[in-house]
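Asker: The structure is given below, and queries will be raised subsequently.
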Amino acid sequence: MYYALRNRYPIESDRQVKTACEYFKKNLNRFSPDERVEAACNIEKRASELMVPISEPWVTNYSRALKAGTGYSPDFNRSMEMRKQACLTHSVLVTIADKKIPGDKVVEGLTKSAASLNPIETLKAVVEFDKLANLEYHYDTLIPDPYMTVFGSLVNPEYDAVKVAGNKTDYDVVRAARSKQAMEKVAGVLGKTFAASFSKDPVGATNKLGGMEKVLLGDML
């Protein structure tokens with residue numbers, strides 16, 4: 001059996017994938033940030049296997065954390081500023097090397113250091129800071145959780161989308177590869193051989209097409 005999280009929330013069938021996706025969307029604040037990432041990745045992977053088209057911002061945001069080459073969210077500085085304000089509001093002090101340091105100053109340091117760190121290193125630093133500052137209890141209210149801070153965006157979840165087929169992005173072609181209807185169109189126009197490779201690696205297969213074929217694919221999708 002396939003599950004979204006800890007042998008719960010089955011995602012064996014098309015319907016179960018959609019049901020689980022909708023359930024987490026409505027109840028995301030009941031789950032820890034780590035659980036959100038695990039559920040998002042499992043649902044996205046299973047949706048791809050079953051060719052189930054899903055387009056949920058929470059899945060896009062939380063699954064991004066485990067994808068190679070992922071960069072910082074364009075909302076990173078804003079999210080860190082929210083942390084700084086939360087620290088000022090609650091007069092947060094954190095103990096570092098036996099010294100009490102104002103939380104807002106630590107946040108300023110973390111924000112500046114991000115320029116020289118990769119996103120995963122920054123994520124770990126933000127997670128540790130939130131524990132020291134007892135800010136975990138304010139997720140989804142005063143501040144976004146660490147994954148959303150570093151990788152997510154409520155304004156534009158697909159901020160890193162890249163056009164690969166006409167006016168369609170890599171996110172669009174991945175979703176299309178999960179759709180049985182879209183795959184039938186692709187096979188009918190570009191052939192079953194291409195459709196098979198597109199199903200396995202939609203972005204890679206698209207990038208191998210010629211310019212006119214990419215435009216044609218984009219029009220179909």
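Letters A, B, ... mark the chains of the structure tokens in the order given; residue numbers begin at 1 per chain; ligand numbers begin at 1, in order shown.
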Please list as number ranges by chain every residue within 9 Å of segment 135-137 of chain A, counting only C-alpha atoms and excluding residues in the same chain fewer than 6 positions away.
Answerer: A: 83, 86-87, 127, 129, 143, 145
Asker: Next, the residues of the selection above should be written as a PDB file, in the first residue's frame with N, CA and C atoms.
Answerer:
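Dumped everything to again03.pdb:
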```
ATOM      1  N   ARG A  83       9.921  37.170  11.189  1.00  0.00           N
ATOM      2  CA  ARG A  83      10.553  36.576  12.369  1.00  0.00           C
ATOM      3  C   ARG A  83      11.134  37.661  13.273  1.00  0.00           C
ATOM      4  N   ALA A  86       8.420  39.305  15.128  1.00  0.00           N
ATOM      5  CA  ALA A  86       7.895  38.416  16.179  1.00  0.00           C
ATOM      6  C   ALA A  86       8.815  38.429  17.395  1.00  0.00           C
ATOM      7  N   CYS A  87      10.121  38.456  17.139  1.00  0.00           N
ATOM      8  CA  CYS A  87      11.087  38.498  18.240  1.00  0.00           C
ATOM      9  C   CYS A  87      10.971  39.815  19.019  1.00  0.00           C
ATOM     10  N   VAL A 127      15.669  26.444  11.438  1.00  0.00           N
ATOM     11  CA  VAL A 127      15.030  25.444  12.302  1.00  0.00           C
ATOM     12  C   VAL A 127      15.608  25.520  13.712  1.00  0.00           C
ATOM     13  N   PHE A 129      17.233  28.030  15.139  1.00  0.00           N
ATOM     14  CA  PHE A 129      16.890  29.306  15.771  1.00  0.00           C
ATOM     15  C   PHE A 129      15.467  29.283  16.324  1.00  0.00           C
ATOM     16  N   ILE A 143       4.468  33.774  11.900  1.00  0.00           N
ATOM     17  CA  ILE A 143       5.567  33.511  10.959  1.00  0.00           C
ATOM     18  C   ILE A 143       5.305  32.244  10.158  1.00  0.00           C
ATOM     19  N   ASP A 145       6.608  28.631   8.635  1.00  0.00           N
ATOM     20  CA  ASP A 145       7.559  27.645   9.138  1.00  0.00           C
ATOM     21  C   ASP A 145       8.849  27.702   8.315  1.00  0.00           C
TER      22      ASP A 145
END
```
Asker: Would you return as a ChimeraX atom specification the members of segment 49-115 of chain A that DSSP assigns to strand (DSSP E) on this structure's backbone?
Answerer: /A:93-96,99-102
Asker: What's the separation between atom CA of Ile43 of chain A and atom CA of Pro10 of chain A, in Å to one decimal place?
Answerer: 9.7 Å
Asker: Give me the residues near Thr149 of chain A as a list of chain:residue names, where near means some atom within 9 Å (using only C-alpha atoms) and where sequence neighbours in that chain fewer than 2 positions away do not count.
Answerer: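 With the cut-off at 9 Å, the set is A:Tyr72, A:Ser73, A:Asp75, A:Phe76, A:Asn77, A:Arg78, A:Ser79, A:Met80, A:Leu123, A:Val126, A:Ile143, A:Pro144, A:Asp145, A:Pro146, A:Tyr147, A:Phe151, A:Gly152, A:Ser153.
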Asker: I want to know what sits within 9 Å of Tyr3 of chain A, based on only C-alpha atoms, with residues of the same chain fewer than 3 positions away left out; could you give that as a count of residues only?
Answerer: 10
Asker: When you look at Phe24 of chain A with a cut-off of 12 Å (counting only C-alpha atoms), what residues show up, excluding the ones that are within fewer than 6 positions of it in the same chain? I need them as a ChimeraX atom specification.
Answerer: /A:4-5,8-9,17-18,30-32,35-40,43,56-59,62
Asker: Take the residues from that selection and put them in a file with C-alpha atoms, as a PDB file, in the first residue's frame.
Answerer:
```pdb
ATOM      1  CA  ALA A   4       0.960   9.960   2.287  1.00  0.00           C
ATOM      2  CA  LEU A   5       2.305   9.807   5.832  1.00  0.00           C
ATOM      3  CA  ARG A   8      -1.914   6.688   7.141  1.00  0.00           C
ATOM      4  CA  TYR A   9      -3.819   8.570   4.461  1.00  0.00           C
ATOM      5  CA  VAL A  17      -4.512  10.721  -4.090  1.00  0.00           C
ATOM      6  CA  LYS A  18      -7.003  13.526  -4.709  1.00  0.00           C
ATOM      7  CA  ARG A  30      -2.317  20.085  12.161  1.00  0.00           C
ATOM      8  CA  PHE A  31       0.938  18.698  10.812  1.00  0.00           C
ATOM      9  CA  SER A  32       4.535  19.590  11.592  1.00  0.00           C
ATOM     10  CA  GLU A  35       5.305  15.978   8.011  1.00  0.00           C
ATOM     11  CA  ARG A  36       4.121  18.476   5.424  1.00  0.00           C
ATOM     12  CA  VAL A  37       7.242  17.910   3.347  1.00  0.00           C
ATOM     13  CA  GLU A  38       6.927  14.129   3.595  1.00  0.00           C
ATOM     14  CA  ALA A  39       3.247  14.166   2.632  1.00  0.00           C
ATOM     15  CA  ALA A  40       3.809  16.585  -0.254  1.00  0.00           C
ATOM     16  CA  ILE A  43       1.569  12.632  -2.899  1.00  0.00           C
ATOM     17  CA  GLU A  56      -1.931  22.506  -5.213  1.00  0.00           C
ATOM     18  CA  PRO A  57       0.289  25.336  -3.911  1.00  0.00           C
ATOM     19  CA  TRP A  58       1.043  23.472  -0.679  1.00  0.00           C
ATOM     20  CA  VAL A  59       2.373  20.468  -2.615  1.00  0.00           C
ATOM     21  CA  TYR A  62       6.713  21.756   0.415  1.00  0.00           C
TER      22      TYR A  62
END
```
Asker: How would you write, as number ranges by chain, the set of residues in segment 68-198 of chain A that DSSP gives as alpha helix (DSSP H)?
Answerer: A: 76-89, 103-113, 119-132, 146-151, 170-177, 180-190, 192-198
Asker: Find, counting only C-alpha atoms, the residue in A:Thr60, A:Asn27, A:Ala205, A:Pro53 that gets nearest to Asp160 of chain A.
Answerer: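 Among the listed residues, A:Thr60 lies closest to Asp160 of chain A.
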Asker: Using only C-alpha atoms, which residue out of A:Lys100, A:Lys168, A:Arg178, A:Lys185 lies closest to Val215 of chain A?
Answerer: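 Of all the options, A:Lys168 lies closest to Val215 of chain A.
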Asker: Which residue out of A:Pro202, A:Gly210, A:Gly191, A:Gly71 has the minimum interatomic distance to Leu117 of chain A when only C-alpha atoms are used?
Answerer: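 Of the candidates, the smallest distance to Leu117 of chain A is held by A:Gly71.
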Asker: In Å, with one decimal, what is the gap from atom CA of Thr141 of chain A to atom CA of Asn29 of chain A?
Answerer: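 Those two atoms sit 9.8 Å apart.
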Asker: Pick from A:Thr193, A:Ser55, A:Ser113, A:Thr89: nearest to Glu158 of chain A, with only C-alpha atoms counted?
Answerer: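 Looking at the shortest contact to Glu158 of chain A, the residue is A:Ser55.
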